[in-house]
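These notes concern the structure reproduced below.
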Amino acid sequence: MADKVKVLMCCVGPETHNRGILTVSSMLKDAGMEVVYMGNATAQEAIKVAMEEDVNVVGVSSLSGGHLGVGKILLELARSKGIDKKIGFVIGGVIPPLDIPKLKALGYNDVYPSGSTREQIINGIKKAVLN
Amino acid sequence: MTAKKTTREIIGGALAGKQRTPLYSAEAINKLKNQFESWKNEKVQAKDQENWNVIPQTVLGSELPRQLLYTPLNTADFDYMEDIGNSGQEPFARGIHSNMYRGRTFTQRQLVGFGKPEDSNARIKFLLEAGATGVNLLFDMPTIQMYDSDDPMSAGQVGSCGVCIDIAPDWERLFAGVDIAKETVSIVTHLPSNCCILFPMYLVLAERTNVPWDQLKGSVQNDVTMESCVRNAEVYIPPKDNFRVECDNIEFIRTNVPKWNFVTLNGYNLREFGTSGVTEMAVAFSHAMAILDEMIARGHDVDWVGERIAYFWSPAMDFFEEISRLRAARRLWYRIMKYKYNAKNPRSMLMRCHVQTSGISLVREEPLNNIIRSAYEALAAVLGGAQSLHVDSYDEAFAVPSEESSLLSLRNQQIIEHETGVTSVVDPLGGSYYVEALTNEIEQKILDEITEIENQGGYIEAIANGYLLNKIYNYFYNEQKKLETGEIKIVAHNWQKSLSGEDFEAFQYPEDAEVTQIARLKEHRAARDQAKVDKALKDLLEACQTKGVNIMAYTLECARVGCTVGEQWKVFKEAFGIWNRPSLI
């Protein structure tokens, strides 16, 4: 495992809400992780930066109901680039309970619905580091 | 050179010259003072004396200390007519109308927006048939951020969390069978840019359904705070250009759609982003003053603009603070308009507001508890004298509201209006020692923060230099820690923790919105007169690049000839360039 976990934080698509992504990014930095903060990006841009920056984990924030749609697009692209087994993917935000298993089935290592604790997120991201 | 006076100094100067007539005699106050001290020493337990002031720890609270008991000593120089007056009378602390809800009840305006225009059309009609008294429209993320439904950026998000709109004909589908000459319609165009693009499409709908523009009633948001500070975006245009778009929208709508509220200063989303009720109001008032300054510089009369300015607030959980805040804001706005801007029309001095209960105070655990939270927040808004209300639904921590939960929110409002009796008496808490003291304190705190913003070099500068963004970020990260330690308690979430809600079946978005909308766009692009579209977009670019030209006249032409939302946003980006917003992380 890498000495310092490096996480790309992004919203895929035009997500307007950012309290969540900012809060989680700050939590990760407080926990000693390195955060590459992208904000809004297309799936293509997010995967490109994840590869260029050689991150361990990609964290996606979704608060507007697009988690399944954008979640699928992002992971399919990761798979086509052959990085889905090298980089961990986690997603959080306003996510209905019944969608959590669907996101895990898509290939997300962990899912953080609103209300998830700092410990859950930090421990989950550490576990999502694959290499 | 003399320094420019702050708003506080101007108001302070005007009030200092006034003769005050205190309600309580000096003799009565002195007598009370002596008796109060001995009561405190003899009757109040030592630990309560030590903890005389407590700071309520609530979601989005302003942390104003509260005393154990309030008495006339807290407002010893209380002058009834100067400080609060009667309702509908200066300084309007008690309400903007003399008869308040006896004359006109609060508009019951539940947000609607998901899926295709037809999906939202059905929900609008459902709520109107159930007794809603206004329409309140929310757009999906691609529309808010001005990407077309077929833009790669929009993939996977079309029609979630709002209705998707790409072209003027989408508005005809959205309002089919709804009489826009009759209903008041709130169009939640948060951003000046999307207001400038979307509102003209509504005007085109009016043209095509033969409703004269001067009959249209409703509001847009049109708020630079939202576009440049609150929202998250892939790219931003510079705040000063964004502010120009905002003021162009105001000017155009004021001139051409006279009954329309051309700006709704959005404290709500700023506060929900994460800040106190005091900051929410200080920011909105500072922004309103920036608008007035700009409009006066453009040669307009202060009342021409002032009489249609409206506000949008978030009532959170600190019940008495929320009530006091609305009272304080009405009085302060009156004083700003009267003493700083010398407004003449009483309507310009009225702080008119829509309120929406706080979404961020709602949690997933035991979701039905959220109905209770929203009811308290809505009651505070009504006791505070709001003009219009949306009650958040109990399932909003999971998804957009279902039909059932939307109806419950409407019922929540109807129960307050028709079953509790609270609307029969105006400002029922006026004169409460506590509420009057808190109202005074909050007004001063708002003025403190207005001064802070003025010290940044004005409102737009406070956005551009990152001051505002940093202030909010520090607030909400600190609040997050308080939620983690349990200092702020949320029942079933971090206190009496519960797992109930983990199997909640949330509203499912219609899945066909993206496919349908993309097909429609393709058809639309093939059928339209491309030469007219190209010319309209070229003219829009030139208008954006020319100082002193009102942009909305050009987005109107774009709407008429069938330009899409995304095509116009591309023009804005080309004309104004990209702004690198100060980074927080």
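Identifiers in this document derive from the order of the structure tokens: chains are assigned A, B, ..., residues are numbered from 1 separately in each chain, and ligands are numbered from 1 in order of occurrence.
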Report as number ranges by chain all protein, DNA and RNA residues lying within 9 Å of Ala128 (chain A), evaluated on only C-alpha atoms, omitting residues in the same chain fewer than 4 positions from it. A: 56-57, 87-90, 109-110, 123-124
Can you work out which residues from chain A touch chain B at a cut-off of 10 Å (counting only C-alpha atoms) and hand them back as number ranges by chain? A: 11-27, 29, 35-44, 63-73, 93-99, 113-115, 117-118
Can you tell me which residues surround Leu540 (chain B) at a distance of at most 10 Å, considering only C-alpha atoms, apart from same-chain residues fewer than 4 positions away, and format the answer as a ChimeraX atom specification? /B:534-536,544-546,550-558,568,571-572,575
What residues in region 58-184 of chain B get the DSSP label alpha helix (DSSP H)? Please answer as a list in words. Tyr80, Met81, Glu82, Asp83, Pro117, Glu118, Asp119, Ser120, Asn121, Ala122, Arg123, Ile124, Lys125, Phe126, Leu127, Leu128, Glu129, Met141, Pro142, Thr143, Ile144, Ala168, Pro169, Asp170, Trp171, Glu172, Arg173 and Leu174 of chain B
Would you export the selected residues with N, CA and C atoms as a PDB file, in the first residue's frame, please?
```pdb
ATOM      1  N   TYR B  80     -42.393  51.740  21.509  1.00  0.00           N
ATOM      2  CA  TYR B  80     -43.262  50.904  20.670  1.00  0.00           C
ATOM      3  C   TYR B  80     -43.349  51.413  19.233  1.00  0.00           C
ATOM      4  N   MET B  81     -43.665  52.682  19.056  1.00  0.00           N
ATOM      5  CA  MET B  81     -43.894  53.169  17.696  1.00  0.00           C
ATOM      6  C   MET B  81     -42.595  53.232  16.891  1.00  0.00           C
ATOM      7  N   GLU B  82     -41.498  53.614  17.539  1.00  0.00           N
ATOM      8  CA  GLU B  82     -40.221  53.699  16.824  1.00  0.00           C
ATOM      9  C   GLU B  82     -39.653  52.312  16.521  1.00  0.00           C
ATOM     10  N   ASP B  83     -39.770  51.412  17.476  1.00  0.00           N
ATOM     11  CA  ASP B  83     -39.051  50.136  17.367  1.00  0.00           C
ATOM     12  C   ASP B  83     -39.823  49.068  16.603  1.00  0.00           C
ATOM     13  N   PRO B 117     -40.607  17.462 -19.318  1.00  0.00           N
ATOM     14  CA  PRO B 117     -41.604  18.502 -19.043  1.00  0.00           C
ATOM     15  C   PRO B 117     -42.989  17.919 -18.750  1.00  0.00           C
ATOM     16  N   GLU B 118     -43.387  16.872 -19.443  1.00  0.00           N
ATOM     17  CA  GLU B 118     -44.714  16.272 -19.217  1.00  0.00           C
ATOM     18  C   GLU B 118     -44.841  15.689 -17.806  1.00  0.00           C
ATOM     19  N   ASP B 119     -43.746  15.093 -17.293  1.00  0.00           N
ATOM     20  CA  ASP B 119     -43.785  14.505 -15.948  1.00  0.00           C
ATOM     21  C   ASP B 119     -44.037  15.596 -14.913  1.00  0.00           C
ATOM     22  N   SER B 120     -43.352  16.702 -15.068  1.00  0.00           N
ATOM     23  CA  SER B 120     -43.527  17.800 -14.113  1.00  0.00           C
ATOM     24  C   SER B 120     -44.879  18.477 -14.297  1.00  0.00           C
ATOM     25  N   ASN B 121     -45.340  18.539 -15.525  1.00  0.00           N
ATOM     26  CA  ASN B 121     -46.668  19.101 -15.799  1.00  0.00           C
ATOM     27  C   ASN B 121     -47.740  18.354 -14.998  1.00  0.00           C
ATOM     28  N   ALA B 122     -47.623  17.030 -14.966  1.00  0.00           N
ATOM     29  CA  ALA B 122     -48.615  16.233 -14.231  1.00  0.00           C
ATOM     30  C   ALA B 122     -48.552  16.541 -12.737  1.00  0.00           C
ATOM     31  N   ARG B 123     -47.333  16.708 -12.189  1.00  0.00           N
ATOM     32  CA  ARG B 123     -47.193  17.014 -10.761  1.00  0.00           C
ATOM     33  C   ARG B 123     -47.719  18.419 -10.443  1.00  0.00           C
ATOM     34  N   ILE B 124     -47.470  19.390 -11.325  1.00  0.00           N
ATOM     35  CA  ILE B 124     -47.991  20.757 -11.125  1.00  0.00           C
ATOM     36  C   ILE B 124     -49.511  20.702 -10.999  1.00  0.00           C
ATOM     37  N   LYS B 125     -50.138  19.994 -11.929  1.00  0.00           N
ATOM     38  CA  LYS B 125     -51.602  19.912 -11.918  1.00  0.00           C
ATOM     39  C   LYS B 125     -52.103  19.174 -10.683  1.00  0.00           C
ATOM     40  N   PHE B 126     -51.406  18.113 -10.295  1.00  0.00           N
ATOM     41  CA  PHE B 126     -51.778  17.357  -9.097  1.00  0.00           C
ATOM     42  C   PHE B 126     -51.802  18.275  -7.873  1.00  0.00           C
ATOM     43  N   LEU B 127     -50.766  19.109  -7.712  1.00  0.00           N
ATOM     44  CA  LEU B 127     -50.685  19.975  -6.529  1.00  0.00           C
ATOM     45  C   LEU B 127     -51.713  21.108  -6.598  1.00  0.00           C
ATOM     46  N   LEU B 128     -51.931  21.663  -7.798  1.00  0.00           N
ATOM     47  CA  LEU B 128     -52.935  22.732  -7.921  1.00  0.00           C
ATOM     48  C   LEU B 128     -54.327  22.191  -7.591  1.00  0.00           C
ATOM     49  N   GLU B 129     -54.596  20.982  -8.060  1.00  0.00           N
ATOM     50  CA  GLU B 129     -55.897  20.377  -7.761  1.00  0.00           C
ATOM     51  C   GLU B 129     -56.054  20.076  -6.275  1.00  0.00           C
ATOM     52  N   MET B 141     -30.053  19.324 -13.079  1.00  0.00           N
ATOM     53  CA  MET B 141     -28.695  19.867 -13.000  1.00  0.00           C
ATOM     54  C   MET B 141     -28.173  20.355 -14.357  1.00  0.00           C
ATOM     55  N   PRO B 142     -28.368  19.586 -15.453  1.00  0.00           N
ATOM     56  CA  PRO B 142     -27.879  20.106 -16.737  1.00  0.00           C
ATOM     57  C   PRO B 142     -28.528  21.445 -17.103  1.00  0.00           C
ATOM     58  N   THR B 143     -29.829  21.597 -16.856  1.00  0.00           N
ATOM     59  CA  THR B 143     -30.497  22.852 -17.200  1.00  0.00           C
ATOM     60  C   THR B 143     -29.979  23.991 -16.315  1.00  0.00           C
ATOM     61  N   ILE B 144     -29.862  23.722 -15.020  1.00  0.00           N
ATOM     62  CA  ILE B 144     -29.338  24.764 -14.120  1.00  0.00           C
ATOM     63  C   ILE B 144     -27.952  25.211 -14.585  1.00  0.00           C
ATOM     64  N   ALA B 168     -37.464  26.580 -26.124  1.00  0.00           N
ATOM     65  CA  ALA B 168     -38.747  27.214 -25.781  1.00  0.00           C
ATOM     66  C   ALA B 168     -39.943  26.253 -25.855  1.00  0.00           C
ATOM     67  N   PRO B 169     -40.041  25.381 -26.855  1.00  0.00           N
ATOM     68  CA  PRO B 169     -41.204  24.481 -26.899  1.00  0.00           C
ATOM     69  C   PRO B 169     -41.328  23.567 -25.671  1.00  0.00           C
ATOM     70  N   ASP B 170     -40.221  23.314 -24.954  1.00  0.00           N
ATOM     71  CA  ASP B 170     -40.321  22.516 -23.724  1.00  0.00           C
ATOM     72  C   ASP B 170     -41.233  23.201 -22.710  1.00  0.00           C
ATOM     73  N   TRP B 171     -41.267  24.541 -22.742  1.00  0.00           N
ATOM     74  CA  TRP B 171     -42.124  25.284 -21.810  1.00  0.00           C
ATOM     75  C   TRP B 171     -43.587  25.058 -22.127  1.00  0.00           C
ATOM     76  N   GLU B 172     -43.908  24.880 -23.400  1.00  0.00           N
ATOM     77  CA  GLU B 172     -45.304  24.614 -23.758  1.00  0.00           C
ATOM     78  C   GLU B 172     -45.735  23.260 -23.204  1.00  0.00           C
ATOM     79  N   ARG B 173     -44.824  22.281 -23.242  1.00  0.00           N
ATOM     80  CA  ARG B 173     -45.136  20.962 -22.686  1.00  0.00           C
ATOM     81  C   ARG B 173     -45.272  21.043 -21.161  1.00  0.00           C
ATOM     82  N   LEU B 174     -44.430  21.857 -20.550  1.00  0.00           N
ATOM     83  CA  LEU B 174     -44.411  21.977 -19.092  1.00  0.00           C
ATOM     84  C   LEU B 174     -45.689  22.623 -18.561  1.00  0.00           C
TER      85      LEU B 174
END
```
Close residues, region 50-63 of chain B itself excluded, 9 Å, only C-alpha atoms, min 3 positions apart in chain, as a PDB file with C-alpha atoms, in the first residue's frame:
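Saved result, out_19.pdb, follows:
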```
ATOM      1  CA  GLN B  45     -30.027  28.247  41.867  1.00  0.00           C
ATOM      2  CA  ALA B  46     -26.279  28.848  41.854  1.00  0.00           C
ATOM      3  CA  LYS B  47     -25.672  26.634  38.838  1.00  0.00           C
ATOM      4  CA  ARG B  66     -29.760  33.163  25.447  1.00  0.00           C
ATOM      5  CA  GLN B  67     -30.555  34.236  28.968  1.00  0.00           C
ATOM      6  CA  LEU B  68     -32.526  32.124  31.408  1.00  0.00           C
ATOM      7  CA  LEU B  69     -35.308  34.706  31.649  1.00  0.00           C
ATOM      8  CA  ARG B 271     -27.510  29.182   4.243  1.00  0.00           C
ATOM      9  CA  GLU B 272     -28.155  25.595   3.258  1.00  0.00           C
ATOM     10  CA  GLY B 274     -23.704  26.044   5.385  1.00  0.00           C
ATOM     11  CA  THR B 275     -23.933  29.299   7.255  1.00  0.00           C
ATOM     12  CA  SER B 276     -25.845  31.069   9.978  1.00  0.00           C
ATOM     13  CA  GLY B 277     -29.117  32.937   9.634  1.00  0.00           C
ATOM     14  CA  VAL B 278     -27.287  36.178  10.390  1.00  0.00           C
ATOM     15  CA  THR B 279     -24.805  35.706   7.549  1.00  0.00           C
ATOM     16  CA  ALA B 316     -33.913  26.261  10.380  1.00  0.00           C
ATOM     17  CA  MET B 317     -34.522  24.693  13.777  1.00  0.00           C
ATOM     18  CA  ASP B 318     -33.865  27.480  16.328  1.00  0.00           C
ATOM     19  CA  GLU B 321     -34.340  32.889  16.402  1.00  0.00           C
ATOM     20  CA  ILE B 360     -30.225  20.212   5.462  1.00  0.00           C
ATOM     21  CA  SER B 361     -31.891  19.817   8.853  1.00  0.00           C
ATOM     22  CA  TYR B 475     -18.767  27.583   9.266  1.00  0.00           C
ATOM     23  CA  PHE B 476     -19.881  24.291   7.804  1.00  0.00           C
ATOM     24  CA  GLU B 479     -20.631  22.530  12.201  1.00  0.00           C
ATOM     25  CA  LYS B 482     -20.111  19.593  16.223  1.00  0.00           C
ATOM     26  CA  LEU B 483     -22.408  17.014  14.668  1.00  0.00           C
ATOM     27  CA  GLU B 487     -22.599  18.965  20.503  1.00  0.00           C
ATOM     28  CA  ILE B 488     -25.392  19.622  18.019  1.00  0.00           C
ATOM     29  CA  LYS B 489     -27.986  16.916  18.551  1.00  0.00           C
ATOM     30  CA  ILE B 490     -30.174  15.496  15.816  1.00  0.00           C
TER      31      ILE B 490
END
```
Residue neighbourhood Val426 (chain B), 12 Å, only C-alpha atoms, exclusion window fewer than 6 positions, as a PyMOL selection string: chain B and resi 86-88+92-105+382-386
Just write the chosen residues, C-alpha atoms, as a short mmCIF file (atom, residue, chain, number, x, y, z; two decimals), in the first residue's frame.
```cif
data_model
loop_
_atom_site.label_atom_id
_atom_site.label_comp_id
_atom_site.auth_asym_id
_atom_site.auth_seq_id
_atom_site.Cartn_x
_atom_site.Cartn_y
_atom_site.Cartn_z
CA ASN B 86 -48.26 48.48 14.24
CA SER B 87 -48.45 46.01 11.41
CA GLY B 88 -48.29 47.49 7.93
CA PHE B 92 -42.70 47.13 9.58
CA ALA B 93 -41.21 44.85 12.23
CA ARG B 94 -44.69 43.40 12.88
CA GLY B 95 -45.53 42.63 9.27
CA ILE B 96 -45.80 44.22 5.86
CA HIS B 97 -49.62 44.37 5.81
CA SER B 98 -51.88 45.74 8.53
CA ASN B 99 -54.12 42.66 8.45
CA MET B 100 -51.46 40.12 7.41
CA TYR B 101 -52.92 36.63 6.92
CA ARG B 102 -56.51 37.78 7.46
CA GLY B 103 -56.15 39.66 4.20
CA ARG B 104 -54.03 37.28 2.25
CA THR B 105 -52.68 34.00 3.49
CA VAL B 382 -45.72 31.86 9.62
CA LEU B 383 -45.29 33.38 13.10
CA GLY B 384 -42.53 35.50 11.57
CA GLY B 385 -44.85 36.80 8.84
CA ALA B 386 -43.59 35.21 5.61
#
```
Find the distance between CA of Ile371 (chain B) and CA of Cys353 (chain B) and write it in Å to one decimal. 22.5 Å
Contacts of region 182-193 of chain B at 9 Å or less, counting only C-alpha atoms, minus same-chain residues fewer than 6 places along, as a ChimeraX atom specification? /B:109,111,133-139,144-146,199,215-228,242-247,249,264,266,569,572
Near-region 327-340 of chain B list (8 Å; only C-alpha atoms; drop same-chain fewer than 2 positions) as a count of residues only: 30
Rank nothing, just name the residue among A:Val60, A:Leu74, A:Met51, A:Val5 nearest to Lys127 (chain A), using only C-alpha atoms.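 That would be A:Val5, the residue with the smallest distance to Lys127 (chain A).
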Please return, as a list in words, all residues of region 183-388 of chain B that DSSP assigns to strand (DSSP E or B) on the basis of the backbone. Val185, Ser186, Ile187, Gly218, Ser219, Val220, Tyr236, Trp260, Asn261, Val263, Thr264, Leu265, Asn266, Ile309, Ala310, Tyr311, Phe312, Trp313, Arg352, Cys353, His354, Val355, Gln356 and Ser388 of chain B
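Distances from B:Ser25, B:Thr516, B:Gln110, B:Asn345 to Leu408 (chain B) were compared using only C-alpha atoms, and the smallest one belongs to B:Gln110.
Pairwise distance (CA of Leu468 (chain B), CA of Ala282 (chain B)) equals 11.1 Å.
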